Every structure is written in C-alpha cells, then in structure tokens.
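**Student:** What follows is a structure written as structure tokens; I'll ask about it next.
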Amino acid sequence: MDYYIDKVFDLNFGKKKTAKINTFGCQMNAHDSEKLCDMLLKMGYKITDDKNNNDVDLVLFNTCCVRENPEDKLFGNLGYFKNKKKLKPDLKIILCGCMMQQKHIIEKIKKSYDFVDVVFGTFNAHKFPELLFNNLVTNSQIIDIWKENKNHEEEIYLTRKYFFKASVNIIYGCNNFCSYCIVPYVRGRERSRNFNEILDEIKKLVDDGVKEIMLLGQNVNSYGLDLKENKINFAELLFKVNNINGLERIRFMTSHPKDLSDDLIFAIRDLNKVCKHLHLPVQSGSNRILKLMNRKYTREKYLDLINKIKMNINDIALSTDIIVGFPSETENDFLETIDLIKKVEFNSAFSFIYSKREGTPAAKMSEQIDSEIVKKRFGYLIKVLNEIIEKKNKIYNGKVEKILVEEFDEENKKLTGRNEKNMLVHFESDKNLVGKIVNVKIIDAKPFYLIGQKIGS
Ligand code: SF4
C-alpha cells in the first residue's frame with residue numbers, strides 16, 4: 001500500500017492539491033473517514049472543508065445506507081459535482097462506504113454516473129491509494145468492490161480529528177440481521193480484533209495525549225465470541241482497558257440489549273474510567289413489532305434489563321434509538337413505544353422514521369404505513385421525549401460536572417464539552433482549555449444542552 005501512496009505523492013508533488021471528505025452516517029463511518037484522511041494526507045493532499053468547494057481537487061463521499069434518504073443525498077451531491085467537473089475536468093470524485101456494497105447502487109453508477117472516478121467498498125478501503133493511482137494514470141472509472149472481508153488488516157491508518165479523544169474499533173460487522181437493517185449485508189459477519197492489538201493501539205493513543213477512548217462496534221456486547229485464541233469477552237476487555245495508565249474516560253457503542261450481560265453491568269459499575277452512560281437501542285415498545293424487527297427480546301425483557309441496570313449503577317444516563325412507522329405498526333403498537341419511553345425515562349434518544357432499505361426483509365413487508373400517520377406519530381414521540389429529557393436535565397442544575405472540553409467557538413467565545421454522561425455543556429472561558437477536563441457548575445438546563453460556569457483555576 002505504501003508503494004501506491006508514494007506513487008500518488010509523486011504524481012501530486014509540487015501541485016498543492018486539496019481534498020474534501022464528506023462523511024454520511026454513523027460513528028463507524030466517521031472513524032473510517034479518519035483513516036481515509038490519513039491516506040490523503042500521506043498522498044500529498046491538503047484537507048479542506050471549504051463550503052463552496054472552489055479549490056477542491058478531489059472530493060470523497062464516505063456513504064452510509066443506514067440513515068434516512070441516503071441515496072437522494074448522495075445522488076443530489078453528485079449532480080452538483082458533475083457541474084463542477086465540467087468547469088474543472090481534473091476534479092476527482094471518489095465514492096466509498098457501505099452504500100457501495102449494494103449491487104443496485106453500483107449498477108446505477110456504471111449506467112448514469114460515468115464521471116465518478118473511483119468507487120470502493122467497506123472491505124477494501126486500504127486499496128484507496130492503488131485505485132486512485134490507477135485512475136490518475138488511466139483517467140478511466142475504477143470500480144473495485146469486495147463481497148467479503150479477506151482478513152485484511154483494517155487498522156493501519158489513522159489521523160485523528162481531536163488530539164484528546166479517539167475511537168478504536170474492537171469488532172467489525174454484525175450477525176444480528178435485524179429485519180430493517182442493511183449492515184450485516186454490507187459490513188459482513190462479526191470479526192473481533194485481538195485484545196492485545198486493541199490495547200496496544202489505545203496505549204499509543206494515550207501516549208499521544210488522548211484522554212477519552214470510544215470503543216466501537218455494531219454490537220460491542222458480542223466482542224470476543226468469534227475469537228479462536230486469546231478469547232475474552234467485552235466486560236473483560238473493559239477491565240484491561242481500564243488498567244491503561246493515563247487514560248481517563250472510556251465510552252463504548254453500540255450495545256444490543258439481547259447480549260448485555262450481568263458481567264458488563266458490573267464492569268460499568270465498578271470501573272472508575274468507564275463513563276456511566278449506556279446507549280441501548282430499543283427501537284420499539286411493542287412485542288409484535290420487535291418480533292417483526294427480529295430484535296430477539298421483548299419489551300418485558302428490555303424493561304427488566306433497564307431495572308437491573310438502574311439498580312446496580314447509581315445515576316446511570318440512558319440513551320436509545322427508536323424507529324417510528326415500521327411496516328404494519330398500529331396505533332396501539334406506537335402507544336406501547338410511548339409507554340416504554342415514559343417508563344424508562346431516557347436521558348436522550350435518536351428517533352427515526354422508518355425508511356425502506358432495499359435488500360432487507362422489512363422492505364418486502366406489505367403493510368407500509370401512510371406517511372401522514374407516521375409524521376403525526378413522530379411529532380408526538382418527539383414531544384414526549386423532549387418533555388422527559390428536559391425534566392431529566394433539570395437535575396443537573398447547581399451541580400458541578402467534570403467536562404472534557406472539545407471545542408472553542410470563536411464567534412460566541414464559548415467552550416463546548418461533554419460531561420461523563422455525554423451531555424453537551426457550553427460555558428465561557430479560555431480557549432486553551434480545549435482538550436482538558438475542568439470543573440463546571442451547571443447554571444441552566446436546556447432540552448439538548450446545559451449551560452455552565454467554570455469553577456476553580
Ligand atoms: S444489531 Fe441490528 S440494527 Fe444493529 S447493526 Fe446489527 S443488524 Fe443492524
């Protein structure tokens with residue numbers, strides 16, 4: 001791979017080329033984009049986020065097929081860049097990410113988007129420099145999609161957006177086949193990384209100044225189940241990560257409720273560096289819909305699990321994902337979701353209107369719900385959630401929270417950071433606090449963020 005990086009670098013030498021990365025979707029994609037960014041830097045590109053795209057020589061779209069209307073978003077953007085390319089013929093357009101693993105997307109690109117230069121998928125991102133080089137020398141469209149992982153080392157490259165926090169993949173792929181989700185088809189089956197490799201990577205990051213680590217996987221709770229040697233489970237991995245000197249905070253996502261063990265609950269409770277925040281997607285409060293979704297738990301099991309978590313971990317913050325308007329969802333099913341939300345009292349939630357993903361079992365279900373009904377339900381869900389979240393946030397008033405400062409807004413002269421529970425906090429202070437953990441007294445609580453005052457020196 002270094003061979004092709006050097007080759008592209010030679011082609012770019014002295015040309016001051018600029019690249020822009022557009023990332024759609026989840027944290028896994030954001031992490032993949034960091035690796036692609038690293039490759040671009042090594043190939044001699046300067047990264048820009050210029051909104052007008054005036055000086056862009058290469059634009060890369062790291063696509064997602066999970067979130068809402070992804071195809072409209074991508075193809076809308078391609079229309080825009082097609083016009084840019086007419087004015088600047090050597091502009092390179094690169095597509096990658098999980099949407100590219102879908103056959104109908106590749107067919108569409110081949111048929112109607114011949115101006116796209118390079119296309120690759122989720123299993124061969126390491127080939128990006130080679131594919132780009134081939135395009136640069138032949139000026140022809142290069143499409144290279146692997147159907148599965150070929151045991152290629154996936155953690156070779158990394159450039160971090162933040163110097164004080166970083167994500168580390170611990171498991172790739174998913175075995176769960178939730179009926180609405182495309183991930184197992186486009187990211188393959190579960191593959192856990194060897195724990196020594198994970199620990200080495202985190203130690204290097206900590207030596208480099210990282211204070212907070214996010215352990216990533218589609219389902220971190222099944223970490224280790226597929227390992228043949230050095231087999232440990234996710235709770236055991238957390239203990240090992242917690243022992244790393246210099247590391248201050250550990251987060252992880254995502255957890256599937258069916259795989260959340262007692263050992264993991266106790267690990268979150270007992271380990272001082274593990275943040276007391278758990279993201280546990282419920283998706284629906286109706287047993288009938290949960291079964292159709294192939295989630296493999298019932299509302300009763302989910303509520304029992306929540307009770308166990310609350311009883312064991314004092315003051316835990318809980319967040320979730322909810323889908324509204326899944327095929328055949330009745331008013332009663334929806335009200336069961338509302339009832340569950342009220343019972344759990346989540347601290348935050350990501351709510352989505354169901355949208356079809358071609359190739360999934362749910363896309364073939366006949367009873368798709370009328371969009372007006374779904375919008376009405378969605379509006380009501382948001383209202384209920386906001387009331388709960390606002391009430392939960394009020395408990396922070398007057399409390400002193402430890403905030404890892406993430407950003408300084410030059411315009412408002414305000415700092416933004418997160419507390420251990422992952423709540424956003426805004427406060428005024430010095431911009432050199434970015435990357436530090438400071439004490440902030442909360443003076444006001446809004447539905448989606450807190451306002452504070454820094455205390456102490
Ligand atoms: S657990 Fe379900 S929703 Fe999550 S990635 Fe796997 S199949 Fe998709």
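Each chain in the structure tokens gets a letter, A, B, ..., in the order shown, and its residues are numbered from 1; ligands are numbered from 1 in order too.
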Give the alpha helix (DSSP H) residues of region 65-263 of chain A, as DSSP finds them on the backbone, and put them as a ChimeraX atom specification.
**Tutor:** /A:70-87,103-112,128-138,183-187,195-207,234-242,262-263
**Student:** 9 Å from ligand 1 is the threshold here; counting only C-alpha atoms and all ligand atoms, which polymer residues fall inside it? Answer as a compact mmCIF listing (two decimals) with C-alpha atoms, in the first residue's frame.
**Tutor:**
# COMPACT_ATOMS: atom_id res chain seq x y z
CA VAL A 66 -28.46 3.07 7.12
CA GLY A 173 -19.63 -6.44 11.15
CA CYS A 174 -22.82 -7.79 12.68
CA ASN A 175 -24.54 -11.19 12.96
CA ASN A 176 -27.94 -9.98 14.06
CA PHE A 177 -29.91 -9.37 10.87
CA CYS A 178 -32.49 -7.01 12.29
CA SER A 179 -35.09 -7.08 9.54
CA TYR A 180 -34.84 -3.34 8.70
CA CYS A 181 -31.04 -3.10 8.71
CA ILE A 182 -28.60 -3.40 5.84
CA VAL A 183 -25.42 -3.52 7.96
CA PRO A 184 -24.85 -7.33 8.05
CA TYR A 185 -25.13 -7.37 4.24
CA ARG A 187 -20.25 -4.89 6.53
CA GLY A 217 -18.61 -1.89 17.08
CA GLN A 218 -22.06 -2.54 15.63
CA ASN A 219 -22.60 -4.74 18.68
CA THR A 254 -23.38 0.17 20.36
CA SER A 255 -24.84 -2.39 22.79
CA HIS A 256 -27.52 -4.84 21.68
CA PRO A 281 -31.32 0.85 21.35
CA GLN A 283 -36.36 0.50 18.55
CA MET A 293 -37.84 -6.48 13.54
CA ASN A 294 -36.04 -9.70 14.61
CA ARG A 295 -34.68 -7.94 17.70
**Student:** Could you pull the residues within 12 Å of Lys454 (chain A), counting only C-alpha atoms, minus those fewer than 6 positions along the same chain, as an MDAnalysis selection string?
**Tutor:** chainID A and resid 399:405 414:417 425:430 433 437:443
**Student:** Give me, as a PyMOL selection string, all polymer residues having an atom no more than 8 Å from Ala349 (chain A), counting only C-alpha atoms and skipping those fewer than 2 positions away in the same chain.
**Tutor:** chain A and resi 319-322+346-347+351+385
**Student:** Residues of region 270-366 of chain A in strand (DSSP E or B) according to DSSP, as a list in words?
**Tutor:**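 So, restricting region 270-366 of chain A to strand (DSSP E or B), we get Val274, His277, Leu278, His279, Gln283, Ala317, Leu318, Ser319, Thr320, Asp321, Ile322, Ile323, Val324, Ser348, Ala349, Phe350, Ser351, Phe352 and Ile353 of chain A.
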**Student:** Any idea what's packed within 12 Å of Asn332 (chain A), counting only C-alpha atoms, ignoring anything in its chain fewer than 5 positions away? Could you give it as a list in words?
**Tutor:** Ser284, Gly285, Ser286, Asn287, Arg288, Ile289, Gly325, Thr337, Ile338, Asp339 and Arg377 of chain A
**Student:** Could the residues in this selection be saved with N, CA and C atoms as a PDB file, in the first residue's frame?
**Tutor:**
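Contents of result-v7.pdb, as written:
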ATOM      1  N   SER A 284     -38.505  -0.315  19.467  1.00  0.00           N
ATOM      2  CA  SER A 284     -39.968  -0.286  19.587  1.00  0.00           C
ATOM      3  C   SER A 284     -40.354  -0.804  20.967  1.00  0.00           C
ATOM      4  N   GLY A 285     -41.537  -0.391  21.430  1.00  0.00           N
ATOM      5  CA  GLY A 285     -42.031  -0.909  22.714  1.00  0.00           C
ATOM      6  C   GLY A 285     -43.091  -1.975  22.527  1.00  0.00           C
ATOM      7  N   SER A 286     -43.319  -2.384  21.280  1.00  0.00           N
ATOM      8  CA  SER A 286     -44.358  -3.384  21.009  1.00  0.00           C
ATOM      9  C   SER A 286     -43.716  -4.741  20.730  1.00  0.00           C
ATOM     10  N   ASN A 287     -44.182  -5.767  21.438  1.00  0.00           N
ATOM     11  CA  ASN A 287     -43.617  -7.105  21.222  1.00  0.00           C
ATOM     12  C   ASN A 287     -43.841  -7.605  19.795  1.00  0.00           C
ATOM     13  N   ARG A 288     -45.016  -7.271  19.243  1.00  0.00           N
ATOM     14  CA  ARG A 288     -45.307  -7.717  17.876  1.00  0.00           C
ATOM     15  C   ARG A 288     -44.294  -7.105  16.893  1.00  0.00           C
ATOM     16  N   ILE A 289     -44.047  -5.798  17.053  1.00  0.00           N
ATOM     17  CA  ILE A 289     -43.103  -5.130  16.142  1.00  0.00           C
ATOM     18  C   ILE A 289     -41.668  -5.603  16.411  1.00  0.00           C
ATOM     19  N   GLY A 325     -43.085   3.973  12.655  1.00  0.00           N
ATOM     20  CA  GLY A 325     -43.689   3.676  11.353  1.00  0.00           C
ATOM     21  C   GLY A 325     -43.120   2.437  10.693  1.00  0.00           C
ATOM     22  N   THR A 337     -44.794   1.893  22.523  1.00  0.00           N
ATOM     23  CA  THR A 337     -43.461   2.524  22.495  1.00  0.00           C
ATOM     24  C   THR A 337     -43.453   3.749  23.411  1.00  0.00           C
ATOM     25  N   ILE A 338     -44.494   4.560  23.300  1.00  0.00           N
ATOM     26  CA  ILE A 338     -44.595   5.759  24.151  1.00  0.00           C
ATOM     27  C   ILE A 338     -44.589   5.347  25.624  1.00  0.00           C
ATOM     28  N   ASP A 339     -45.346   4.298  25.934  1.00  0.00           N
ATOM     29  CA  ASP A 339     -45.428   3.832  27.322  1.00  0.00           C
ATOM     30  C   ASP A 339     -44.053   3.390  27.839  1.00  0.00           C
ATOM     31  N   ARG A 377     -47.244  10.529  14.298  1.00  0.00           N
ATOM     32  CA  ARG A 377     -46.694   9.739  15.415  1.00  0.00           C
ATOM     33  C   ARG A 377     -45.310  10.249  15.804  1.00  0.00           C
TER      34      ARG A 377
END
**Student:** List as a PDB file with C-alpha atoms, in the first residue's frame the protein and nucleic acid residues near Glu212 (chain A), meaning an atom at most 6 Å away when only C-alpha atoms are counted, but skip any in the same chain fewer than 3 places from it.
**Tutor:**
ATOM      1  CA  LYS A 165     -10.214  11.749  22.155  1.00  0.00           C
ATOM      2  CA  GLU A 248      -9.210   8.998  31.812  1.00  0.00           C
ATOM      3  CA  ARG A 249     -12.508   8.084  30.162  1.00  0.00           C
ATOM      4  CA  ILE A 250     -13.852   5.022  28.373  1.00  0.00           C
TER       5      ILE A 250
END
**Student:** Rounded to one decimal in Å, what is the spacing between CA of Asn314 (chain A) and CA of Lys421 (chain A)?
**Tutor:**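 Distance between the two atoms: 12.1 Å.
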**Student:** Give me, as JSON lines, the closest atom pair and its distance (Å, one decimal) for every residue of region 84-126 of chain A within a cut-off of 12 Å of region 9-18 of chain A, counting only C-alpha atoms, rows sorted by chain and rising number.
**Tutor:**
{"residue": "A:Asp90", "atom": "CA", "partner": "A:Lys17", "partner_atom": "CA", "distance": 11.1}
{"residue": "A:Leu91", "atom": "CA", "partner": "A:Thr18", "partner_atom": "CA", "distance": 10.0}
{"residue": "A:Lys92", "atom": "CA", "partner": "A:Thr18", "partner_atom": "CA", "distance": 10.5}
**Student:** Would you list the contacts of region 264-280 of chain A as an MDAnalysis selection string, taking every protein, DNA or RNA residue within 10 Å and counting only C-alpha atoms, but skipping same-chain residues closer than 4 positions in sequence?
**Tutor:** chainID A and resid 212:213 221 233:239 241:244 247:260 302 305:306 308:310 312:321 346:349 419:423
**Student:** Would you mind reading off the distance between CA of Pro129 (chain A) and CA of Asn69 (chain A), one decimal, in Å?
**Tutor:**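 One can read the CA of Pro129 (chain A) to CA of Asn69 (chain A) distance as 29.3 Å.
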**Student:** For Val137 (chain A), which residue out of A:Asp117, A:Asp72, A:Glu358, A:Glu367 is the nearest one, using only C-alpha atoms?
**Tutor:**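 Result for the nearest residue to Val137 (chain A): A:Asp117.
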**Student:** Taking into account only C-alpha atoms, which residue in the set A:Lys446, A:Asp333, A:Arg418, A:Asp370 is nearest to Glu387 (chain A)?
**Tutor:**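 Comparing A:Lys446, A:Asp333, A:Arg418, A:Asp370 against Glu387 (chain A), the winner is A:Lys446.
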